[in-house]
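Asks: The structure file entry-v7.tsv (TSV, C-alpha atoms and all ligand atoms) is provided below.
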```
chain	number	residue	atom	x	y	z
A	88	MET	CA	-9.51	32.15	4.80
A	89	LYS	CA	-8.20	32.54	8.34
A	90	VAL	CA	-6.70	29.83	10.50
A	91	ALA	CA	-5.74	30.31	14.16
A	92	PHE	CA	-3.06	28.17	15.78
A	93	ILE	CA	-2.87	27.65	19.53
A	94	GLY	CA	0.25	26.63	21.49
A	95	ASP	CA	0.51	23.97	24.20
A	96	VAL	CA	-2.71	24.12	26.25
A	97	HIS	CA	-1.88	21.73	29.11
A	98	GLY	CA	-5.50	21.36	30.14
A	99	CYS	CA	-6.45	25.05	29.93
A	100	VAL	CA	-9.11	24.33	27.31
A	101	LEU	CA	-11.40	27.18	28.38
A	102	HIS	CA	-8.56	29.67	27.85
A	103	ALA	CA	-8.18	28.12	24.37
A	104	LEU	CA	-11.85	28.56	23.44
A	105	GLY	CA	-11.89	32.02	25.01
A	106	VAL	CA	-8.86	33.24	23.10
A	107	ALA	CA	-10.19	31.89	19.79
A	108	LEU	CA	-13.40	33.87	20.35
A	109	MET	CA	-11.34	36.95	21.22
A	110	VAL	CA	-9.28	36.61	18.03
A	111	GLN	CA	-12.50	36.83	16.03
A	112	HIS	CA	-13.99	39.56	18.20
A	113	ARG	CA	-10.96	41.86	18.44
A	114	ARG	CA	-9.66	41.33	14.91
A	115	GLY	CA	-13.13	41.49	13.33
A	116	ILE	CA	-12.65	38.23	11.45
A	117	SER	CA	-14.23	34.78	11.26
A	118	LEU	CA	-11.94	31.82	11.77
A	119	ASP	CA	-12.33	29.03	9.23
A	120	ALA	CA	-10.26	26.63	11.34
A	121	VAL	CA	-8.55	26.45	14.72
A	122	VAL	CA	-5.57	24.12	15.09
A	123	GLN	CA	-3.82	23.24	18.34
A	124	VAL	CA	-0.25	21.94	18.29
A	125	GLY	CA	-0.41	19.31	21.05
A	126	ASP	CA	-0.10	18.96	24.80
A	127	LEU	CA	-3.80	19.74	24.91
A	128	GLY	CA	-3.74	17.80	28.18
A	129	ALA	CA	-6.16	15.15	26.92
A	130	TYR	CA	-6.48	12.71	29.80
A	131	PRO	CA	-9.78	11.02	30.72
A	132	SER	CA	-9.11	11.55	34.45
A	133	ALA	CA	-6.40	12.92	36.72
A	134	ASP	CA	-5.34	9.43	37.81
A	135	ARG	CA	-4.11	8.90	34.21
A	136	PHE	CA	-1.82	11.97	34.42
A	137	ASP	CA	1.91	11.59	33.91
A	138	GLY	CA	4.25	12.91	36.61
A	139	PRO	CA	4.86	16.41	35.16
A	140	SER	CA	1.12	17.00	34.54
A	141	ARG	CA	0.43	16.07	38.17
A	142	ARG	CA	2.98	18.65	39.35
A	143	PHE	CA	1.74	21.37	36.98
A	144	ILE	CA	-1.91	21.09	38.01
A	145	ALA	CA	-1.00	21.40	41.68
A	146	ASP	CA	0.45	24.79	40.76
A	147	SER	CA	-2.14	25.91	38.20
A	148	PRO	CA	-5.67	24.53	38.72
A	149	ALA	CA	-6.93	25.72	35.31
A	150	GLN	CA	-4.90	22.82	33.92
A	151	GLY	CA	-7.79	20.67	35.13
A	152	ASP	CA	-10.31	22.39	32.85
A	153	PHE	CA	-10.16	19.51	30.37
A	154	PHE	CA	-11.88	17.32	32.97
A	155	ARG	CA	-14.64	19.91	33.39
A	156	LEU	CA	-15.17	19.73	29.64
A	157	LEU	CA	-15.51	15.94	29.78
A	158	ASP	CA	-18.36	16.20	32.30
A	159	PRO	CA	-19.58	19.77	32.06
A	160	PRO	CA	-22.07	21.24	34.53
A	161	PRO	CA	-25.06	22.85	32.75
A	162	GLU	CA	-23.71	26.42	32.80
A	163	LEU	CA	-20.38	25.37	31.33
A	164	ALA	CA	-22.08	23.18	28.72
A	165	ALA	CA	-24.18	26.18	27.65
A	166	ALA	CA	-21.07	28.38	27.40
A	167	VAL	CA	-19.19	25.81	25.32
A	168	ARG	CA	-22.20	25.34	23.02
A	169	GLY	CA	-22.35	29.12	22.67
A	170	ALA	CA	-18.65	29.19	21.74
A	171	LEU	CA	-19.18	26.47	19.13
A	172	GLU	CA	-22.00	28.48	17.55
A	173	GLN	CA	-19.31	31.05	16.73
A	174	LEU	CA	-16.22	28.87	16.25
A	175	PRO	CA	-15.23	25.75	14.32
A	176	PRO	CA	-14.20	22.82	16.56
A	177	VAL	CA	-10.52	22.85	17.49
A	178	LEU	CA	-8.40	20.21	15.73
A	179	PHE	CA	-5.34	19.02	17.65
A	180	VAL	CA	-2.36	16.75	17.25
A	181	ALA	CA	-1.04	14.72	20.20
A	182	GLY	CA	1.74	16.14	22.31
A	183	ASN	CA	3.91	14.18	24.70
A	184	HIS	CA	1.58	15.02	27.61
A	185	GLU	CA	-1.66	13.26	26.61
A	186	ASP	CA	-3.12	9.84	27.36
A	187	HIS	CA	-2.12	8.24	24.05
A	188	GLU	CA	-3.79	4.91	24.84
A	189	TRP	CA	-7.07	6.70	25.56
A	190	LEU	CA	-6.81	8.67	22.31
A	191	ASP	CA	-6.06	5.46	20.35
A	192	GLY	CA	-9.13	3.85	21.94
A	193	LEU	CA	-11.34	6.77	20.84
A	194	HIS	CA	-10.12	6.39	17.25
A	195	GLN	CA	-10.66	2.64	17.29
A	196	ALA	CA	-14.18	3.01	18.70
A	197	ALA	CA	-15.11	5.66	16.14
A	198	GLY	CA	-13.26	4.04	13.23
A	199	THR	CA	-12.11	7.47	12.06
A	200	GLN	CA	-8.82	9.37	11.88
A	201	VAL	CA	-10.41	12.50	13.33
A	202	VAL	CA	-12.37	12.01	16.55
A	203	ALA	CA	-14.02	14.34	19.06
A	204	VAL	CA	-12.56	13.84	22.53
A	205	ASP	CA	-15.26	15.63	24.56
A	206	PRO	CA	-19.04	15.18	24.56
A	207	LEU	CA	-19.74	18.64	23.13
A	208	GLY	CA	-17.27	18.17	20.27
A	209	ALA	CA	-15.16	21.23	21.07
A	210	PHE	CA	-11.84	19.43	20.48
A	211	SER	CA	-11.07	16.73	17.91
A	212	HIS	CA	-7.86	14.74	17.73
A	213	VAL	CA	-6.24	14.02	14.37
A	214	ALA	CA	-4.32	10.73	14.35
A	215	CYS	CA	-0.62	10.87	13.43
A	216	GLY	CA	0.33	10.60	9.77
A	217	ASN	CA	-2.92	11.92	8.31
A	218	VAL	CA	-3.36	14.64	5.71
A	219	ILE	CA	-6.71	16.40	5.79
A	220	GLU	CA	-7.96	19.54	4.09
A	221	ILE	CA	-8.28	22.53	6.40
A	222	ALA	CA	-9.33	25.91	5.03
A	223	GLY	CA	-8.28	24.72	1.58
A	224	LEU	CA	-4.83	23.60	2.79
A	225	ARG	CA	-3.61	20.01	2.56
A	226	THR	CA	-2.61	19.73	6.21
A	227	ALA	CA	-0.43	16.93	7.59
A	228	PHE	CA	-0.48	16.05	11.30
A	229	LEU	CA	2.33	14.38	13.22
A	230	GLY	CA	2.10	14.23	17.00
A	231	LEU	CA	4.46	13.28	19.84
A	232	ILE	CA	8.20	13.92	19.87
A	233	GLU	CA	11.48	12.27	18.96
A	234	ALA	CA	12.32	10.44	22.18
A	235	PRO	CA	12.92	6.83	23.05
A	236	GLY	CA	9.87	5.13	24.57
A	237	LYS	CA	6.16	5.84	24.58
A	238	MET	CA	6.43	9.53	23.67
A	239	ASP	CA	8.28	8.73	20.43
A	240	PHE	CA	6.83	9.55	17.00
A	241	ASP	CA	4.28	7.05	15.77
A	242	GLU	CA	6.40	4.94	13.41
A	243	ALA	CA	3.65	4.17	10.89
A	244	GLY	CA	2.41	7.77	10.87
A	245	TYR	CA	5.92	9.12	10.34
A	246	ALA	CA	6.57	6.60	7.55
A	247	ARG	CA	3.32	7.54	5.82
A	248	LEU	CA	4.24	11.21	5.72
A	249	ALA	CA	7.87	10.48	4.82
A	250	SER	CA	6.65	8.58	1.75
A	251	ALA	CA	4.23	11.30	0.61
A	252	PRO	CA	5.39	13.09	-2.53
A	253	PRO	CA	7.30	16.34	-1.96
A	254	GLY	CA	4.97	19.27	-2.55
A	255	SER	CA	1.86	17.26	-1.63
A	256	VAL	CA	1.38	19.06	1.69
A	257	ASP	CA	0.65	22.79	2.16
A	258	LEU	CA	0.88	22.85	5.95
A	259	LEU	CA	2.62	20.52	8.40
A	260	VAL	CA	1.41	20.59	12.02
A	261	THR	CA	3.58	18.85	14.60
A	262	HIS	CA	4.11	18.99	18.34
A	263	GLU	CA	7.88	18.57	18.06
A	264	GLY	CA	10.11	21.23	16.50
A	265	PRO	CA	13.05	20.95	14.09
A	266	PHE	CA	16.54	20.17	15.40
A	267	GLY	CA	18.66	23.06	16.64
A	268	MET	CA	15.81	25.52	17.12
A	269	SER	CA	16.76	26.42	20.70
A	270	HIS	CA	18.41	25.23	23.92
A	271	ASN	CA	16.67	24.16	27.11
A	272	ARG	CA	17.52	25.40	30.60
A	273	GLN	CA	20.21	22.73	30.86
A	274	GLY	CA	21.82	24.05	27.67
A	275	GLU	CA	20.81	21.04	25.61
A	276	VAL	CA	19.92	21.49	21.94
A	277	GLN	CA	16.19	21.18	21.37
A	278	GLY	CA	14.34	19.79	18.37
A	279	SER	CA	14.28	16.65	16.32
A	280	PRO	CA	16.64	15.64	13.50
A	281	LYS	CA	13.97	13.20	12.31
A	282	LEU	CA	11.45	16.03	11.99
A	283	THR	CA	13.97	18.20	10.15
A	284	ARG	CA	14.42	15.37	7.64
A	285	LEU	CA	10.65	15.13	7.19
A	286	ILE	CA	10.34	18.89	6.62
A	287	GLU	CA	13.20	18.85	4.13
A	288	ARG	CA	11.58	15.97	2.24
A	289	LEU	CA	7.97	17.21	2.22
A	290	GLN	CA	8.88	20.90	1.81
A	291	PRO	CA	5.52	22.25	2.95
A	292	PRO	CA	5.38	26.04	2.60
A	293	LEU	CA	4.42	26.29	6.29
A	294	HIS	CA	5.24	24.27	9.41
A	295	ILE	CA	3.77	25.03	12.84
A	296	SER	CA	4.80	23.39	16.12
A	297	GLY	CA	4.75	23.77	19.92
A	298	HIS	CA	6.49	21.77	22.67
A	299	VAL	CA	9.34	24.18	23.54
A	300	HIS	CA	6.85	26.61	25.18
A	301	HIS	CA	8.31	29.75	23.65
A	302	GLU	CA	7.87	31.66	20.42
A	303	ASN	CA	10.48	30.51	17.93
A	304	GLY	CA	10.55	31.51	14.31
A	305	PRO	CA	10.47	32.15	11.49
A	306	ARG	CA	13.07	29.50	10.70
A	307	TYR	CA	13.78	28.45	7.13
A	308	TYR	CA	14.30	24.93	5.78
A	309	GLY	CA	14.48	25.05	1.98
A	310	ARG	CA	11.09	26.42	0.89
A	311	THR	CA	9.53	25.78	4.31
A	312	VAL	CA	8.99	28.51	6.90
A	313	SER	CA	8.69	27.08	10.41
A	314	TYR	CA	7.18	28.69	13.52
A	315	ALA	CA	6.85	27.37	17.08
A	316	LEU	CA	4.23	28.77	19.44
A	317	ALA	CA	4.57	29.68	23.10
A	318	GLN	CA	2.63	27.82	25.81
A	319	LEU	CA	-0.92	29.21	25.96
A	320	VAL	CA	-0.99	29.79	29.73
A	321	GLY	CA	2.27	29.63	31.64
A	322	THR	CA	2.22	28.13	35.11
A	323	LYS	CA	1.80	30.37	38.15
A	324	THR	CA	5.24	29.99	39.63
A	325	ALA	CA	8.53	30.79	37.99
A	326	ARG	CA	9.63	27.25	38.81
A	327	TYR	CA	8.07	26.02	35.57
A	328	HIS	CA	7.51	29.24	33.64
A	329	PRO	CA	9.96	32.15	33.34
A	330	GLY	CA	8.67	35.05	35.43
A	331	GLY	CA	5.63	33.14	36.63
A	332	ASN	CA	2.04	33.81	35.61
A	333	PRO	CA	0.02	34.27	38.83
A	334	GLU	CA	-3.03	35.69	37.02
A	335	GLN	CA	-3.06	32.82	34.52
A	336	ARG	CA	-3.12	35.08	31.50
A	337	VAL	CA	-2.84	33.90	27.90
A	338	ALA	CA	0.75	34.50	26.76
A	339	ASP	CA	2.16	36.61	23.94
A	340	GLY	CA	3.20	34.43	21.02
A	341	SER	CA	1.00	31.51	22.03
A	342	VAL	CA	-1.49	32.15	19.23
A	343	GLY	CA	-0.71	32.44	15.53
A	344	LEU	CA	-2.92	33.62	12.70
A	345	LEU	CA	-2.63	32.56	9.06
A	346	ASP	CA	-4.28	34.24	6.11
A	347	THR	CA	-4.46	31.52	3.45
A	348	GLU	CA	-4.92	34.07	0.65
A	349	THR	CA	-1.83	36.15	1.39
A	350	HIS	CA	0.09	33.24	3.03
A	351	GLU	CA	0.99	35.63	5.84
A	352	PHE	CA	1.53	34.10	9.28
A	353	GLU	CA	1.53	36.35	12.32
A	354	TYR	CA	2.32	35.74	15.98
A	355	LEU	CA	-0.28	37.56	18.07
A	356	HIS	CA	1.15	39.96	20.65
A	357	ASP	CA	-2.03	41.97	21.18
A	358	ALA	CA	-2.58	43.28	24.71
A	359	TRP	CA	-6.11	41.78	24.79
A	360	LEU	CA	-4.70	38.24	24.82
A	361	ALA	CA	-4.04	38.78	28.54
A	362	GLU	CA	-7.72	39.54	29.11
A	363	VAL	CA	-8.34	35.80	28.82
A	364	CYS	CA	-7.19	34.88	32.28
A	365	GLY	CA	-7.84	33.41	35.71
A	366	ASP	CA	-8.14	30.10	37.49
A	367	GLU	CA	-11.72	30.09	36.21
A	368	VAL	CA	-12.04	31.65	32.78
A	369	ASP	CA	-15.34	33.48	32.28
A	370	LEU	CA	-16.11	31.68	29.02
A	371	ALA	CA	-19.83	32.54	29.24
A	372	GLY	CA	-18.92	36.24	29.51
A	373	ILE	CA	-16.60	36.10	26.48
A	374	VAL	CA	-19.25	34.19	24.48
A	375	ALA	CA	-21.90	36.79	25.36
A	376	MET	CA	-19.63	39.72	24.49
A	377	ALA	CA	-18.59	38.20	21.16
A	378	ALA	CA	-22.17	37.20	20.29
A	379	ALA	CA	-23.47	40.71	21.03
A	380	GLU	CA	-20.82	42.19	18.75
A	381	ARG	CA	-21.67	39.76	15.96
A	382	SER	CA	-25.39	40.49	16.17
A	383	GLN	CA	-24.67	44.25	15.91
A	384	GLU	CA	-22.58	43.65	12.80
A	385	ARG	CA	-25.35	41.67	11.08
A	386	PRO	CA	-27.66	43.71	8.86
A	387	GLN	CA	-31.16	44.03	10.31
B	401	FE	FE	4.06	21.23	26.50
```
Can you give me the file's structure in the form of structure tokens?
Ligand SMILES: [Fe+2]
Replies:
Amino acid sequence: MKVAFIGDVHGCVLHALGVALMVQHRRGISLDAVVQVGDLGAYPSADRFDGPSRRFIADSPAQGDFFRLLDPPPELAAAVRGALEQLPPVLFVAGNHEDHEWLDGLHQAAGTQVVAVDPLGAFSHVACGNVIEIAGLRTAFLGLIEAPGKMDFDEAGYARLASAPPGSVDLLVTHEGPFGMSHNRQGEVQGSPKLTRLIERLQPPLHISGHVHHENGPRYYGRTVSYALAQLVGTKTARYHPGGNPEQRVADGSVGLLDTETHEFEYLHDAWLAEVCGDEVDLAGIVAMAAAERSQERPQ
């Protein structure tokens, strides 16, 4: 089976759906699952944004696409429905830039550990500390980061995973990365010692993360191979994103592909990633192109 992983989305949800369709279309495969590693940008409205999200959206308006998904005009709703006829819903773990209270409220209202966050069911949040089966893999989810305050790991969720038997998880999905993986622009070491301890205890064969906004891996921790994904769509100006991204193109290394039979994980660097672009992604166009291709492939 094939699983696609998507890096930090920061509100660019139409880029995320578009690139998942393109992975299928250009690689000639069907995805059995799509997993997003947090910082989806899941806020119910812009007035709930944190400070950085407010600054980013002023620079890159596509970061407001999550709000369009929450109240989609008819054409967008049709495009998203068309995408979901070809794709499984995207499962995501919380990053540090989400409305965590809102997400908690959705779980409480639904009474489930996996809950759709938009009316069309394109994106579903998995609560921290849960292990669910995805494409035959026992997949553990741990959101947020190691930081004092409200962005810190969910204590109960962390404890639940830390007490799971070693070898009981095939895939660990987190937003945060392991300690020492890289340095930020200020020269500070990035990553979480607490996450490294969890990886070393659980020893999942595969760990996938985001948060640092650049491709980072493979890194090895005992029998675990760890990969971090780049940000899906870098901001327009170089102030927040090296080199800038004025055309709002999907970035190299922001999508990963796992073959569960061969256990091979691959960062995608294909030139067509950049075709998913713009302040307003043409999701309907990508859906139509991918659907036409699929209908040609089907026997008459
Ligand atoms: Fe992020």
Asks: Report as a short mmCIF file (atom, residue, chain, number, x, y, z; two decimals) with C-alpha atoms, in the frame of the given file all protein, DNA and RNA residues lying within 12 Å of stretch 151-168 of chain A, evaluated on all atoms listed in the file, omitting residues in the same chain fewer than 4 positions from it.
Replies:
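Wrote it out as out24.cif, contents follow:
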```
data_model
loop_
_atom_site.label_atom_id
_atom_site.label_comp_id
_atom_site.auth_asym_id
_atom_site.auth_seq_id
_atom_site.Cartn_x
_atom_site.Cartn_y
_atom_site.Cartn_z
CA VAL A 96 -2.71 24.12 26.25
CA HIS A 97 -1.88 21.73 29.11
CA GLY A 98 -5.50 21.36 30.14
CA CYS A 99 -6.45 25.05 29.93
CA VAL A 100 -9.11 24.33 27.31
CA LEU A 101 -11.40 27.18 28.38
CA HIS A 102 -8.56 29.67 27.85
CA ALA A 103 -8.18 28.12 24.37
CA LEU A 104 -11.85 28.56 23.44
CA GLY A 105 -11.89 32.02 25.01
CA LEU A 108 -13.40 33.87 20.35
CA ASP A 126 -0.10 18.96 24.80
CA LEU A 127 -3.80 19.74 24.91
CA GLY A 128 -3.74 17.80 28.18
CA ALA A 129 -6.16 15.15 26.92
CA TYR A 130 -6.48 12.71 29.80
CA PRO A 131 -9.78 11.02 30.72
CA SER A 132 -9.11 11.55 34.45
CA ALA A 133 -6.40 12.92 36.72
CA ASP A 134 -5.34 9.43 37.81
CA ARG A 135 -4.11 8.90 34.21
CA PHE A 136 -1.82 11.97 34.42
CA SER A 140 1.12 17.00 34.54
CA ARG A 141 0.43 16.07 38.17
CA ARG A 142 2.98 18.65 39.35
CA PHE A 143 1.74 21.37 36.98
CA ILE A 144 -1.91 21.09 38.01
CA ALA A 145 -1.00 21.40 41.68
CA ASP A 146 0.45 24.79 40.76
CA SER A 147 -2.14 25.91 38.20
CA GLU A 172 -22.00 28.48 17.55
CA GLN A 173 -19.31 31.05 16.73
CA LEU A 174 -16.22 28.87 16.25
CA PRO A 175 -15.23 25.75 14.32
CA PRO A 176 -14.20 22.82 16.56
CA GLU A 185 -1.66 13.26 26.61
CA ALA A 203 -14.02 14.34 19.06
CA VAL A 204 -12.56 13.84 22.53
CA ASP A 205 -15.26 15.63 24.56
CA PRO A 206 -19.04 15.18 24.56
CA LEU A 207 -19.74 18.64 23.13
CA GLY A 208 -17.27 18.17 20.27
CA ALA A 209 -15.16 21.23 21.07
CA PHE A 210 -11.84 19.43 20.48
CA GLY A 365 -7.84 33.41 35.71
CA ASP A 366 -8.14 30.10 37.49
CA GLU A 367 -11.72 30.09 36.21
CA VAL A 368 -12.04 31.65 32.78
CA ASP A 369 -15.34 33.48 32.28
CA LEU A 370 -16.11 31.68 29.02
CA ALA A 371 -19.83 32.54 29.24
CA GLY A 372 -18.92 36.24 29.51
CA ILE A 373 -16.60 36.10 26.48
CA VAL A 374 -19.25 34.19 24.48
CA ALA A 375 -21.90 36.79 25.36
CA MET A 376 -19.63 39.72 24.49
CA ALA A 377 -18.59 38.20 21.16
CA ALA A 378 -22.17 37.20 20.29
#
```
Asks: By how many Å are atom CA of A:His300 and atom CA of A:Leu316 apart?
Replies: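 Going from atom CA of A:His300 over to atom CA of A:Leu316, I get 6.7 Å.
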Asks: Counting only C-alpha atoms and all ligand atoms, what residues are within 12 Å of ligand FE 401 (chain B), given as an MDAnalysis selection string?
Replies: chainID A and resid 93:99 123:129 139:140 143 150 181:185 230:232 262:264 296:301 315:322 327:328 341
Asks: Point out the residue among A:Val256, A:Ala197, A:Ala91, A:Val177 with the least atom-to-atom distance to A:Gly343, counting all atoms listed in the file.
Replies: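 The shortest atom-to-atom distance to A:Gly343 comes from A:Ala91.
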Asks: Residues at most 6 Å from A:Val122, counting only C-alpha atoms, excluding those fewer than 5 positions away in the same chain, as a ChimeraX atom specification?
Replies: /A:92,177-179
Asks: Quick one: write out the picked residues with C-alpha atoms as a short mmCIF file (atom, residue, chain, number, x, y, z; two decimals), keeping the file's coordinate frame?
Replies:
```cif
data_model
loop_
_atom_site.label_atom_id
_atom_site.label_comp_id
_atom_site.auth_asym_id
_atom_site.auth_seq_id
_atom_site.Cartn_x
_atom_site.Cartn_y
_atom_site.Cartn_z
CA PHE A 92 -3.06 28.17 15.78
CA VAL A 177 -10.52 22.85 17.49
CA LEU A 178 -8.40 20.21 15.73
CA PHE A 179 -5.34 19.02 17.65
#
```
Asks: With all atoms listed in the file as the basis for distance, which of A:Arg336, A:Ser211, A:Val121, A:Glu302 is at the shortest distance from A:Thr199?
Replies: A:Ser211
Asks: For a quick check of understanding, using all atoms listed in the file, which of A:Leu118, A:Cys364, A:Pro265, A:Thr311 has the smallest distance to A:Ala222?
Replies: A:Leu118
Asks: Between atom CA of A:Pro280 and atom CA of A:Phe266, measure the distance and give it in Å to one decimal.
Replies: 4.9 Å
Asks: One decimal, in Å: what's the spacing between atom CA of A:Pro292 and atom CA of A:Ala251?
Replies: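 Atom CA of A:Ala251 lies 14.9 Å from atom CA of A:Pro292.
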